[in-house]
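To be precise, the following lines are run.txt, and they hold compact mmCIF, C-alpha atoms.
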```txt
# COMPACT_ATOMS: atom_id res chain seq x y z
CA MET A 1 310.64 -179.69 -49.76
CA PRO A 2 311.53 -176.68 -51.94
CA THR A 3 307.96 -175.33 -52.05
CA ILE A 4 307.29 -175.39 -48.33
CA LEU A 5 310.77 -174.11 -47.56
CA THR A 6 310.30 -171.18 -49.94
CA VAL A 7 306.87 -170.41 -48.50
CA VAL A 8 308.19 -170.52 -44.94
CA ILE A 9 311.14 -168.23 -45.75
CA VAL A 10 308.96 -165.69 -47.56
CA GLU A 11 306.37 -165.78 -44.78
CA LEU A 12 309.07 -165.26 -42.14
CA ILE A 13 310.38 -162.22 -44.04
CA PHE A 14 306.87 -160.83 -44.21
CA ILE A 15 306.17 -161.54 -40.54
CA ILE A 16 309.29 -159.64 -39.50
CA ILE A 17 308.75 -156.70 -41.89
CA ASP A 18 305.00 -156.30 -41.71
CA LEU A 19 303.08 -158.51 -39.32
CA ILE A 20 304.92 -157.50 -36.14
CA PRO A 21 304.43 -153.75 -36.90
CA GLN A 22 300.73 -154.45 -37.52
CA TYR A 23 300.51 -156.12 -34.11
CA LYS A 24 302.36 -153.24 -32.44
CA ASN A 25 300.14 -150.64 -34.15
CA LYS A 26 297.03 -152.62 -33.14
CA GLU A 27 295.80 -152.92 -36.72
CA TRP A 28 293.74 -155.93 -35.74
CA GLY A 29 291.68 -156.22 -38.94
CA SER A 30 294.63 -156.57 -41.28
CA PHE A 31 296.63 -158.51 -38.66
CA PHE A 32 294.11 -161.32 -38.22
CA LEU A 33 293.32 -161.45 -41.93
CA SER A 34 297.04 -161.68 -42.76
CA VAL A 35 297.52 -164.43 -40.17
CA ALA A 36 294.58 -166.37 -41.63
CA LEU A 37 295.89 -166.06 -45.18
CA LEU A 38 299.42 -167.04 -44.17
CA LEU A 39 298.11 -170.12 -42.37
CA VAL A 40 296.09 -171.08 -45.44
CA ALA A 41 299.20 -170.67 -47.61
CA LEU A 42 301.26 -172.79 -45.20
CA VAL A 43 298.68 -175.56 -45.13
CA PHE A 44 298.40 -175.58 -48.93
CA ALA A 45 302.17 -175.64 -49.30
CA ALA A 46 302.41 -178.57 -46.88
CA LEU A 47 299.68 -180.48 -48.71
CA PHE A 48 301.29 -179.74 -52.08
CA GLU A 49 304.67 -180.92 -50.85
CA SER A 50 303.12 -184.12 -49.47
CA LYS A 51 301.74 -184.79 -52.96
CA VAL A 52 298.19 -184.83 -51.63
CA GLN A 53 295.70 -184.64 -54.49
CA MET A 54 294.14 -181.21 -54.16
CA PRO A 55 291.30 -180.05 -56.36
CA ALA A 56 292.59 -177.36 -58.69
CA PRO A 57 289.96 -174.69 -59.42
CA THR A 58 291.10 -174.64 -63.05
CA ASP A 59 289.86 -178.24 -63.48
CA TYR A 60 286.41 -177.31 -62.18
CA ILE A 61 286.36 -174.14 -64.27
CA GLU A 62 287.24 -176.24 -67.31
CA LYS A 63 284.43 -178.72 -66.57
CA VAL A 64 281.88 -175.95 -66.04
CA TYR A 65 282.77 -174.06 -69.21
CA THR A 66 283.07 -177.25 -71.26
CA PHE A 67 279.53 -178.10 -70.15
CA ILE A 68 278.10 -174.60 -70.72
CA PHE A 69 279.66 -174.02 -74.11
CA GLY A 70 279.54 -177.62 -75.30
CA LEU A 71 283.28 -177.79 -75.90
CA GLU A 72 285.03 -181.01 -76.88
CA GLN A 73 286.16 -182.85 -73.77
CA LYS A 74 289.82 -183.88 -73.78
CA MET B 1 297.36 -140.21 -48.67
CA LYS B 2 295.70 -140.96 -51.98
CA GLU B 3 297.90 -142.43 -54.67
CA VAL B 4 297.76 -140.41 -57.87
CA ILE B 5 299.10 -141.29 -61.30
CA SER B 6 299.19 -139.03 -64.31
CA GLU B 7 297.49 -139.77 -67.60
CA LYS B 8 300.84 -140.49 -69.25
CA GLN B 9 301.85 -142.94 -66.51
CA ALA B 10 298.50 -144.69 -66.76
CA ILE B 11 298.90 -145.08 -70.51
CA ILE B 12 302.39 -146.52 -70.08
CA ILE B 13 301.28 -148.93 -67.35
CA MET B 14 298.29 -150.10 -69.37
CA SER B 15 300.29 -150.47 -72.60
CA THR B 16 302.90 -152.57 -70.82
CA TYR B 17 300.11 -154.56 -69.21
CA ILE B 18 298.50 -155.25 -72.59
CA ILE B 19 301.82 -156.37 -74.07
CA GLY B 20 302.23 -158.54 -70.94
CA SER B 21 302.72 -162.24 -71.41
CA SER B 22 301.33 -162.12 -74.96
CA ALA B 23 304.67 -160.72 -76.12
CA ILE B 24 306.27 -164.07 -75.51
CA LEU B 25 303.42 -166.57 -75.61
CA GLY B 26 301.69 -165.46 -78.72
CA ALA B 27 297.93 -165.47 -79.15
CA GLY B 28 295.52 -166.18 -81.95
CA LEU B 29 297.63 -168.93 -83.51
CA LYS B 30 294.49 -170.44 -85.06
CA ALA B 31 294.59 -167.69 -87.68
CA LYS B 32 298.01 -168.94 -88.85
CA GLN B 33 299.25 -166.64 -91.64
CA ASP B 34 296.23 -164.30 -91.20
CA ILE B 35 297.14 -163.39 -87.64
CA TRP B 36 297.61 -159.74 -88.62
CA ILE B 37 293.95 -159.57 -89.69
CA ALA B 38 292.94 -161.22 -86.41
CA TYR B 39 294.85 -158.61 -84.40
CA ILE B 40 293.19 -155.72 -86.24
CA ILE B 41 289.71 -157.21 -85.73
CA ALA B 42 290.50 -157.90 -82.07
CA MET B 43 291.53 -154.26 -81.56
CA VAL B 44 288.24 -153.10 -83.09
CA MET B 45 286.30 -155.49 -80.82
CA ALA B 46 288.29 -154.32 -77.78
CA SER B 47 287.59 -150.67 -78.59
CA ILE B 48 283.88 -151.39 -78.09
CA ILE B 49 284.14 -153.02 -74.67
CA ILE B 50 286.75 -150.47 -73.58
CA ALA B 51 284.12 -147.77 -74.13
CA VAL B 52 282.06 -149.55 -71.44
CA TYR B 53 285.03 -149.69 -69.05
CA GLY B 54 285.75 -146.02 -69.67
CA ARG B 55 282.12 -145.06 -69.09
CA ILE B 56 282.02 -146.92 -65.76
CA SER B 57 285.06 -144.98 -64.53
CA SER B 58 283.81 -141.64 -65.86
CA ILE B 59 280.33 -141.88 -64.29
CA PHE B 60 281.95 -141.96 -60.84
CA PRO B 61 285.32 -140.26 -61.26
CA GLY B 62 287.93 -140.82 -58.58
CA LYS B 63 286.39 -144.13 -57.51
CA ASN B 64 287.61 -147.65 -58.16
CA ILE B 65 285.31 -150.49 -59.27
CA TYR B 66 284.80 -151.78 -55.73
CA GLU B 67 283.59 -148.39 -54.47
CA ILE B 68 281.41 -148.08 -57.58
CA MET B 69 279.85 -151.49 -56.91
CA ASP B 70 279.04 -150.41 -53.33
CA LEU B 71 277.50 -147.17 -54.58
CA VAL B 72 275.49 -148.84 -57.29
CA PHE B 73 274.38 -152.12 -55.69
CA GLY B 74 274.56 -151.29 -52.01
CA LYS B 75 277.05 -152.56 -49.45
CA ILE B 76 275.92 -156.20 -49.33
CA ILE B 77 275.27 -156.97 -53.01
CA GLY B 78 278.24 -154.80 -53.95
CA LYS B 79 280.49 -157.01 -51.87
CA LEU B 80 279.01 -160.11 -53.51
CA PHE B 81 279.73 -158.66 -56.94
CA LEU B 82 283.25 -157.86 -55.85
CA LEU B 83 284.14 -161.50 -55.25
CA PRO B 84 284.25 -162.80 -58.84
CA PHE B 85 286.10 -159.71 -60.01
CA MET B 86 288.68 -160.14 -57.24
CA PHE B 87 289.02 -163.85 -58.02
CA TYR B 88 289.54 -163.05 -61.71
CA SER B 89 292.36 -160.58 -60.89
CA PHE B 90 293.89 -163.15 -58.55
CA THR B 91 293.69 -165.96 -61.12
CA LEU B 92 295.06 -163.76 -63.90
CA GLY B 93 298.02 -162.74 -61.74
CA ALA B 94 298.70 -166.38 -60.89
CA LEU B 95 298.51 -167.28 -64.59
CA VAL B 96 301.11 -164.66 -65.49
CA ILE B 97 303.42 -165.83 -62.69
CA ARG B 98 303.09 -169.38 -64.01
CA ASP B 99 303.83 -168.18 -67.56
CA PHE B 100 306.94 -166.47 -66.28
CA ALA B 101 308.06 -169.48 -64.25
CA GLU B 102 307.46 -171.92 -67.10
CA PHE B 103 309.30 -169.63 -69.50
CA VAL B 104 312.44 -169.52 -67.36
CA LYS B 105 312.22 -173.26 -66.62
CA ILE B 106 311.76 -174.32 -70.24
CA VAL B 107 314.24 -171.89 -71.73
CA SER B 108 317.16 -171.96 -69.33
CA LEU B 109 316.78 -173.72 -65.95
CA PRO B 110 314.89 -176.97 -66.50
CA THR B 111 315.81 -178.69 -63.23
CA THR B 112 315.08 -175.76 -60.92
CA PRO B 113 311.71 -176.07 -59.13
CA LEU B 114 308.92 -173.73 -60.26
CA CYS B 115 308.47 -172.34 -56.76
CA ILE B 116 311.90 -170.64 -56.91
CA PHE B 117 310.93 -168.59 -59.97
CA ALA B 118 307.44 -167.91 -58.68
CA TYR B 119 308.56 -166.68 -55.28
CA SER B 120 311.54 -164.72 -56.63
CA ALA B 121 309.09 -162.82 -58.80
CA ILE B 122 306.39 -162.43 -56.16
CA ILE B 123 308.75 -160.86 -53.62
CA LEU B 124 309.43 -157.99 -56.04
CA ILE B 125 305.78 -157.77 -57.03
CA ILE B 126 304.65 -157.60 -53.40
CA TRP B 127 307.19 -154.85 -52.82
CA ALA B 128 305.88 -152.93 -55.85
CA VAL B 129 302.28 -153.19 -54.62
CA ARG B 130 303.24 -152.13 -51.09
CA GLU B 131 305.01 -149.07 -52.48
CA SER B 132 301.83 -148.14 -54.41
CA ILE B 133 300.95 -147.75 -58.05
CA GLU B 134 302.82 -144.43 -58.28
CA VAL B 135 306.12 -146.28 -58.00
CA LEU B 136 305.13 -148.60 -60.85
CA GLY B 137 304.20 -145.57 -62.92
CA ARG B 138 307.55 -143.89 -62.28
CA PHE B 139 309.50 -147.10 -62.92
CA LEU B 140 307.78 -147.65 -66.25
CA SER B 141 308.13 -143.99 -67.23
CA ILE B 142 311.89 -144.62 -67.23
CA PHE B 143 311.93 -148.13 -68.66
CA PHE B 144 309.14 -147.94 -71.21
CA PRO B 145 311.20 -146.13 -73.88
CA ILE B 146 314.02 -148.64 -73.37
CA TYR B 147 311.50 -151.46 -73.60
CA ILE B 148 310.06 -150.16 -76.88
CA LEU B 149 313.57 -149.54 -78.20
CA MET B 150 314.49 -153.18 -77.49
CA ILE B 151 311.45 -154.48 -79.34
CA SER B 152 312.12 -152.16 -82.28
CA THR B 153 315.81 -153.08 -82.43
CA VAL B 154 315.09 -156.80 -82.42
CA THR B 155 312.49 -156.32 -85.16
CA LEU B 156 314.97 -154.33 -87.27
CA LEU B 157 317.73 -156.86 -86.77
CA SER B 158 315.47 -159.72 -87.78
CA SER B 159 314.31 -157.92 -90.95
CA SER B 160 316.95 -159.70 -93.04
CA LEU B 161 315.29 -163.01 -92.12
CA PHE B 162 311.80 -161.97 -93.17
CA GLU B 163 310.09 -164.22 -95.70
CA PHE B 164 307.05 -162.32 -96.93
CA ASP B 165 305.72 -165.46 -98.57
CA ASN B 166 304.85 -166.62 -95.05
CA LEU B 167 301.95 -164.15 -95.12
CA LYS B 168 300.38 -165.93 -98.09
CA PRO B 169 297.91 -167.22 -99.00
CA VAL B 170 295.65 -164.63 -97.38
CA LEU B 171 292.40 -166.06 -95.96
CA TYR B 172 293.15 -169.51 -97.39
CA ASP B 173 291.18 -171.28 -94.62
CA GLY B 174 288.36 -168.74 -94.80
CA PHE B 175 287.27 -166.15 -92.29
CA LYS B 176 286.17 -168.49 -89.50
CA PRO B 177 289.65 -169.24 -88.06
CA VAL B 178 290.45 -165.52 -88.23
CA LEU B 179 287.30 -164.65 -86.27
CA GLU B 180 288.02 -167.37 -83.70
CA ALA B 181 291.58 -166.11 -83.35
CA SER B 182 290.46 -162.49 -83.08
CA TYR B 183 288.09 -163.42 -80.25
CA SER B 184 290.93 -165.28 -78.54
CA ILE B 185 293.18 -162.19 -78.88
CA PHE B 186 290.33 -159.98 -77.66
CA THR B 187 290.06 -161.97 -74.40
CA PHE B 188 293.84 -162.41 -74.10
CA PRO B 189 295.13 -159.73 -73.74
CA PHE B 190 293.02 -156.75 -74.82
CA ALA B 191 289.92 -157.08 -72.65
CA GLU B 192 292.04 -157.98 -69.63
CA VAL B 193 292.31 -154.21 -69.06
CA VAL B 194 289.04 -154.67 -67.14
CA VAL B 195 291.35 -155.07 -64.13
CA PHE B 196 292.28 -151.39 -64.54
CA LEU B 197 288.85 -150.43 -63.27
CA CYS B 198 290.52 -150.78 -59.85
CA ILE B 199 293.20 -148.26 -60.75
CA MET B 200 291.25 -145.62 -62.63
CA GLY B 201 290.22 -144.14 -59.29
CA ASN B 202 293.88 -143.12 -58.84
CA LEU B 203 294.00 -141.08 -62.03
CA ARG B 204 294.81 -137.39 -61.63
CA LYS B 205 291.83 -135.01 -61.75
CA ASN B 206 290.82 -133.77 -65.18
CA SER B 207 292.50 -136.77 -66.83
CA SER B 208 290.60 -138.49 -69.60
CA VAL B 209 289.87 -142.14 -68.86
CA TYR B 210 288.99 -142.76 -72.51
CA LYS B 211 292.30 -141.34 -73.66
CA VAL B 212 294.15 -143.71 -71.32
CA TYR B 213 292.24 -146.76 -72.52
CA TYR B 214 292.36 -145.99 -76.24
CA CYS B 215 295.98 -144.83 -76.39
CA SER B 216 297.04 -147.93 -74.48
CA LEU B 217 295.01 -150.17 -76.78
CA LEU B 218 296.63 -148.56 -79.78
CA ILE B 219 300.20 -148.74 -78.44
CA GLY B 220 299.86 -152.22 -76.96
CA GLY B 221 297.99 -153.51 -80.01
CA ILE B 222 300.55 -152.20 -82.48
CA VAL B 223 303.47 -153.63 -80.50
CA LEU B 224 301.80 -157.04 -80.27
CA LEU B 225 300.92 -156.94 -83.96
CA VAL B 226 304.54 -156.18 -84.84
CA ILE B 227 305.80 -159.02 -82.62
CA ALA B 228 303.28 -161.50 -84.04
CA VAL B 229 304.00 -160.60 -87.65
CA ARG B 230 307.74 -160.67 -87.01
CA SER B 231 307.51 -164.20 -85.60
CA LEU B 232 305.40 -165.26 -88.58
CA LEU B 233 307.77 -163.74 -91.14
CA VAL B 234 310.85 -165.27 -89.53
CA LEU B 235 309.54 -168.71 -88.55
CA GLY B 236 306.64 -169.39 -90.87
CA VAL B 237 303.38 -171.03 -89.82
CA PRO B 238 304.47 -174.70 -89.29
CA ILE B 239 307.39 -173.87 -86.98
CA LYS B 240 305.50 -171.12 -85.18
CA LEU B 241 302.65 -173.48 -84.31
CA LEU B 242 305.09 -175.92 -82.70
CA GLN B 243 306.67 -173.32 -80.42
CA TYR B 244 305.65 -172.55 -76.86
CA PHE B 245 307.35 -169.16 -77.17
CA PRO B 246 307.41 -168.17 -80.85
CA SER B 247 308.63 -164.64 -80.25
CA TYR B 248 311.62 -165.93 -78.28
CA THR B 249 312.43 -168.55 -80.90
CA SER B 250 312.26 -166.01 -83.72
CA THR B 251 314.84 -163.89 -81.89
CA ARG B 252 317.22 -166.81 -81.38
CA VAL B 253 317.89 -167.12 -85.10
CA ILE B 254 319.09 -163.53 -85.47
CA ARG B 255 322.73 -163.37 -86.50
CA VAL B 256 324.45 -160.23 -87.68
CA GLY B 257 327.89 -161.13 -88.92
CA THR B 258 329.75 -163.11 -86.30
CA PHE B 259 329.43 -160.61 -83.47
CA LEU B 260 325.72 -160.10 -82.90
CA GLN B 261 323.89 -163.25 -81.99
CA ARG B 262 322.04 -164.89 -79.08
CA ILE B 263 320.10 -161.70 -78.41
CA GLU B 264 317.01 -163.58 -77.26
CA ALA B 265 317.87 -162.37 -73.76
CA SER B 266 316.44 -159.01 -74.86
CA ILE B 267 313.05 -160.62 -75.43
CA ALA B 268 313.34 -162.29 -72.05
CA ILE B 269 313.93 -158.85 -70.49
CA VAL B 270 310.87 -157.49 -72.35
CA PHE B 271 308.83 -160.33 -70.90
CA MET B 272 310.20 -159.77 -67.40
CA ILE B 273 309.17 -156.10 -67.44
CA SER B 274 305.75 -156.65 -68.97
CA GLY B 275 305.02 -159.76 -66.88
CA PHE B 276 306.09 -157.91 -63.74
CA THR B 277 303.77 -155.00 -64.61
CA LYS B 278 300.83 -157.26 -65.37
CA THR B 279 301.18 -159.27 -62.18
CA THR B 280 301.66 -156.12 -60.09
CA VAL B 281 298.43 -154.65 -61.45
CA CYS B 282 296.56 -157.93 -60.83
CA LEU B 283 297.91 -158.24 -57.29
CA HIS B 284 297.06 -154.58 -56.69
CA ALA B 285 293.46 -155.23 -57.83
CA ALA B 286 293.07 -158.44 -55.79
CA THR B 287 294.56 -156.85 -52.65
CA LYS B 288 292.38 -153.75 -52.95
CA GLY B 289 289.33 -155.96 -53.37
CA LEU B 290 290.14 -158.01 -50.29
CA ALA B 291 290.79 -154.85 -48.26
CA HIS B 292 287.48 -153.39 -49.44
CA LEU B 293 285.67 -156.62 -48.58
CA PHE B 294 286.93 -156.54 -44.99
CA ASN B 295 286.83 -152.74 -44.64
CA ILE B 296 290.58 -152.48 -44.17
CA LYS B 297 291.82 -148.97 -44.95
CA ASN B 298 295.43 -149.77 -45.73
CA TYR B 299 295.37 -152.36 -48.50
CA HIS B 300 299.19 -152.45 -48.65
CA ARG B 301 299.18 -154.56 -45.49
CA LEU B 302 297.51 -157.40 -47.36
CA ALA B 303 299.83 -157.38 -50.38
CA ALA B 304 302.21 -159.97 -48.96
CA PRO B 305 299.73 -162.65 -47.83
CA VAL B 306 297.71 -162.32 -51.06
CA GLY B 307 300.93 -162.39 -53.09
CA ILE B 308 302.19 -165.49 -51.30
CA LEU B 309 298.88 -167.22 -51.98
CA MET B 310 298.95 -166.08 -55.59
CA ALA B 311 302.41 -167.57 -56.15
CA LEU B 312 301.34 -170.82 -54.48
CA TYR B 313 298.18 -170.97 -56.57
CA SER B 314 300.24 -170.41 -59.71
CA ILE B 315 302.29 -173.51 -58.91
CA TYR B 316 299.46 -175.91 -58.27
CA MET B 317 296.80 -174.56 -60.66
CA TYR B 318 298.14 -176.67 -63.51
CA GLY B 319 299.86 -180.03 -63.42
CA ASP B 320 302.39 -179.19 -66.10
CA ALA B 321 303.26 -176.73 -68.86
CA ALA B 322 301.28 -178.59 -71.53
CA LYS B 323 298.13 -178.39 -69.41
CA MET B 324 298.74 -174.67 -68.88
CA PHE B 325 299.10 -173.94 -72.60
CA GLU B 326 296.05 -176.04 -73.41
CA TRP B 327 293.93 -174.24 -70.78
CA THR B 328 295.13 -170.82 -71.95
CA ALA B 329 294.46 -171.65 -75.61
CA ASN B 330 291.09 -173.41 -75.23
CA ILE B 331 289.33 -172.58 -71.96
CA TYR B 332 290.50 -169.09 -70.95
CA GLN B 333 288.60 -167.34 -73.76
CA TYR B 334 285.33 -168.74 -72.34
CA TYR B 335 286.29 -168.26 -68.69
CA ALA B 336 286.95 -164.59 -69.41
CA ILE B 337 283.45 -163.90 -70.82
CA PRO B 338 281.64 -163.17 -67.52
CA HIS B 339 284.55 -161.17 -66.10
CA GLN B 340 285.39 -159.12 -69.19
CA ILE B 341 281.95 -158.69 -70.75
CA ILE B 342 278.98 -159.67 -68.57
CA TYR B 343 279.91 -158.16 -65.17
CA PRO B 344 281.15 -154.86 -66.65
CA LEU B 345 277.95 -154.56 -68.70
CA ILE B 346 275.80 -155.18 -65.62
CA VAL B 347 277.83 -152.67 -63.58
CA TRP B 348 277.64 -150.12 -66.40
CA ILE B 349 273.86 -150.38 -66.79
CA ALA B 350 273.34 -150.21 -63.03
CA ALA B 351 275.77 -147.27 -62.78
CA GLU B 352 273.91 -145.34 -65.50
CA ILE B 353 270.58 -145.89 -63.71
CA LYS B 354 272.07 -144.94 -60.33
CA SER B 355 273.71 -141.78 -61.69
CA ARG B 356 270.42 -140.66 -63.26
CA ILE B 357 268.61 -141.25 -59.96
CA LEU B 358 271.31 -139.32 -58.10
CA ASN B 359 271.19 -136.46 -60.63
CA LYS B 360 267.38 -136.29 -60.31
CA ASN B 361 267.63 -136.20 -56.52
CA ASN B 362 270.31 -133.49 -56.71
CA ALA B 363 268.18 -131.44 -59.13
CA ALA B 364 265.13 -131.84 -56.88
CA SER B 365 267.04 -130.80 -53.75
CA THR B 366 268.54 -127.79 -55.65
CA ASN B 367 265.03 -126.72 -56.69
CA ASP B 368 263.80 -127.09 -53.11
CA ALA B 369 266.69 -124.96 -51.86
CA GLU B 370 265.98 -122.28 -54.49
CA ASN B 371 262.26 -122.25 -53.63
CA ALA B 372 263.00 -122.02 -49.90
CA ALA B 373 265.50 -119.08 -50.32
CA PRO B 374 263.01 -116.40 -51.69
CA GLU B 375 260.48 -117.33 -48.91
CA SER B 376 263.13 -116.82 -46.19
CA ASN B 377 264.21 -113.48 -47.83
CA SER B 378 260.63 -112.16 -47.79
```

Could you show the structure in this file as structure tokens?
Amino acid sequence: MPTILTVVIVELIFIIIDLIPQYKNKEWGSFFLSVALLLVALVFAALFESKVQMPAPTDYIEKVYTFIFGLEQK
Amino acid sequence: MKEVISEKQAIIIMSTYIIGSSAILGAGLKAKQDIWIAYIIAMVMASIIIAVYGRISSIFPGKNIYEIMDLVFGKIIGKLFLLPFMFYSFTLGALVIRDFAEFVKIVSLPTTPLCIFAYSAIILIIWAVRESIEVLGRFLSIFFPIYILMISTVTLLSSSLFEFDNLKPVLYDGFKPVLEASYSIFTFPFAEVVVFLCIMGNLRKNSSVYKVYYCSLLIGGIVLLVIAVRSLLVLGVPIKLLQYFPSYTSTRVIRVGTFLQRIEASIAIVFMISGFTKTTVCLHAATKGLAHLFNIKNYHRLAAPVGILMALYSIYMYGDAAKMFEWTANIYQYYAIPHQIIYPLIVWIAAEIKSRILNKNNAASTNDAENAAPESNS
């Protein structure tokens, strides 16, 4: 609950301060990219809050570098 | 309007960046009582790779690394090369936010969720990026002397607790742990200044990129060396190795009479300022990269969505604090190799070749113009 609530509040602040002016100024490139990124953040926050097992890039990075450099697996 | 920072501001920003989260986390603990030797070796190693970073910026002055990649590799391959660099800046920023959040959680507010700390920090950081790097430079120009004064004062106050026997025996475990620790310190935090390749384009004309890099390395390196040695002299090796935040713990034990104690908040403030600076620079780099990738002129517009994602990534990238410390201590030094050494070397070599080709073409076109001028006069 706290994570998604925080994300929603911060996103709402940003939408009011920045996204609406972008729409009004017809800055479509940054507008659509911002919308896409905000949706991605919202989805991730919802998944995280629902305790869905998401692959963390750091785990894959660890596996790759452990393999390449022959590190001890823990 | 182009953002411009002076040489002095750049040095201050970079020094604070280098001090960053290392001021509180500590690095190179493998060296144990020889950590001071590890720091000196790491600074020498960093001075070599920093020459490469400086050369990249000085071949194409006034341009950031993304513009240089486009110039050198072309628009398509340049954008491909941009992706890992952008991801590295993004991950590094998320790592610092997580360090900050874990620090506050472990030290004072254990039941508060991580997201509160992460998002409280990211709101300010997003604001700093939106207001441009000039604002960060001006902010640090005021606070940097105070910051250094705090570190110096804490060091002086803890001098009565110093046990110089904690520095002995020198090189007891041989040179291998010292070399391993110096490499670890090199990757975290010295060579992380690779992210500044995005900011060097904002340096005032006629400023020396090399001066910025080397002065910052010297200032940041000396401060970190002082902090590391202070922690060692106060705590000793066995206690220091058990601590998540040795610098903070070494400050907690300071007591001057009955009136001056519990001044560890000063170290927390030092970490807030340096962590804030480091994350701002990383977010700045990641946002600029994303804007360059999508040909968006005003990168400030993307600061908030990238920042929100960065804070979210910082929360879920590690399961817990122990995993974070283990990853930072064992994996990060290998993860950093392509981003801090290999990509910059490739970009540097390609930039040198490109600049020679451009110079040849310019010389040839100048000769053609000179040859054509006498013919038109006659």

So which one's closest to Val40 in chain A, A:Glu62, A:Thr6, A:Glu11, A:Pro57? Using all atoms listed in the file, please.
A:Glu11

Would you give me, as a ChimeraX atom specification, the residues of chain A that come within 7 Å of chain B, using all atoms listed in the file?
/A:3,14,29-30,34,37-38,41,56-58,62,65

Could those selected residues go to a file with C-alpha atoms, as a PDB file, keeping the file's coordinate frame?
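Once written, result13.pdb looks like this:
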```
ATOM      1  CA  THR A   3     307.960-175.330 -52.050  1.00  0.00           C
ATOM      2  CA  PHE A  14     306.870-160.830 -44.210  1.00  0.00           C
ATOM      3  CA  GLY A  29     291.680-156.220 -38.940  1.00  0.00           C
ATOM      4  CA  SER A  30     294.630-156.570 -41.280  1.00  0.00           C
ATOM      5  CA  SER A  34     297.040-161.680 -42.760  1.00  0.00           C
ATOM      6  CA  LEU A  37     295.890-166.060 -45.180  1.00  0.00           C
ATOM      7  CA  LEU A  38     299.420-167.040 -44.170  1.00  0.00           C
ATOM      8  CA  ALA A  41     299.200-170.670 -47.610  1.00  0.00           C
ATOM      9  CA  ALA A  56     292.590-177.360 -58.690  1.00  0.00           C
ATOM     10  CA  PRO A  57     289.960-174.690 -59.420  1.00  0.00           C
ATOM     11  CA  THR A  58     291.100-174.640 -63.050  1.00  0.00           C
ATOM     12  CA  GLU A  62     287.240-176.240 -67.310  1.00  0.00           C
ATOM     13  CA  TYR A  65     282.770-174.060 -69.210  1.00  0.00           C
TER      14      TYR A  65
END
```

Mind checking which residues fall within 8 Å of Lys79 in chain B, counting only C-alpha atoms, ignoring those fewer than 2 positions away in the same chain, and posting them as a count of residues only?
10

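By chain and then residue number, the residues within 10 Å of Glu49 in chain A are Met1, Pro2, Thr3, Ile4, Leu5, Val43, Phe44 and Ala45 of chain A, counting all atoms listed in the file and disregarding those fewer than 4 positions away in sequence.
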
Å distance separating CA of Phe245 in chain B from CA of Thr328 in chain B, one decimal place:
13.4 Å

CA of Met200 in chain B to CA of Pro61 in chain B measures 8.1 Å

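In this structure, CA of Tyr60 in chain A sits 28.4 Å away from CA of Thr277 in chain B.
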
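Candidate residues B:Arg230, B:His292, B:Arg255, B:Lys360 were compared for distance to Ile65 in chain B, and the nearest is B:His292, using only C-alpha atoms.
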
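Residues in contact with Cys215 in chain B at up to 10 Å, not including ones fewer than 2 positions away on its chain and judged by only C-alpha atoms, are Lys8, Ala10, Ile11, Ile12, Met14, Ser15, Tyr210, Lys211, Val212, Tyr213, Leu217, Leu218, Ile219, Gly220 and Gly221 of chain B.
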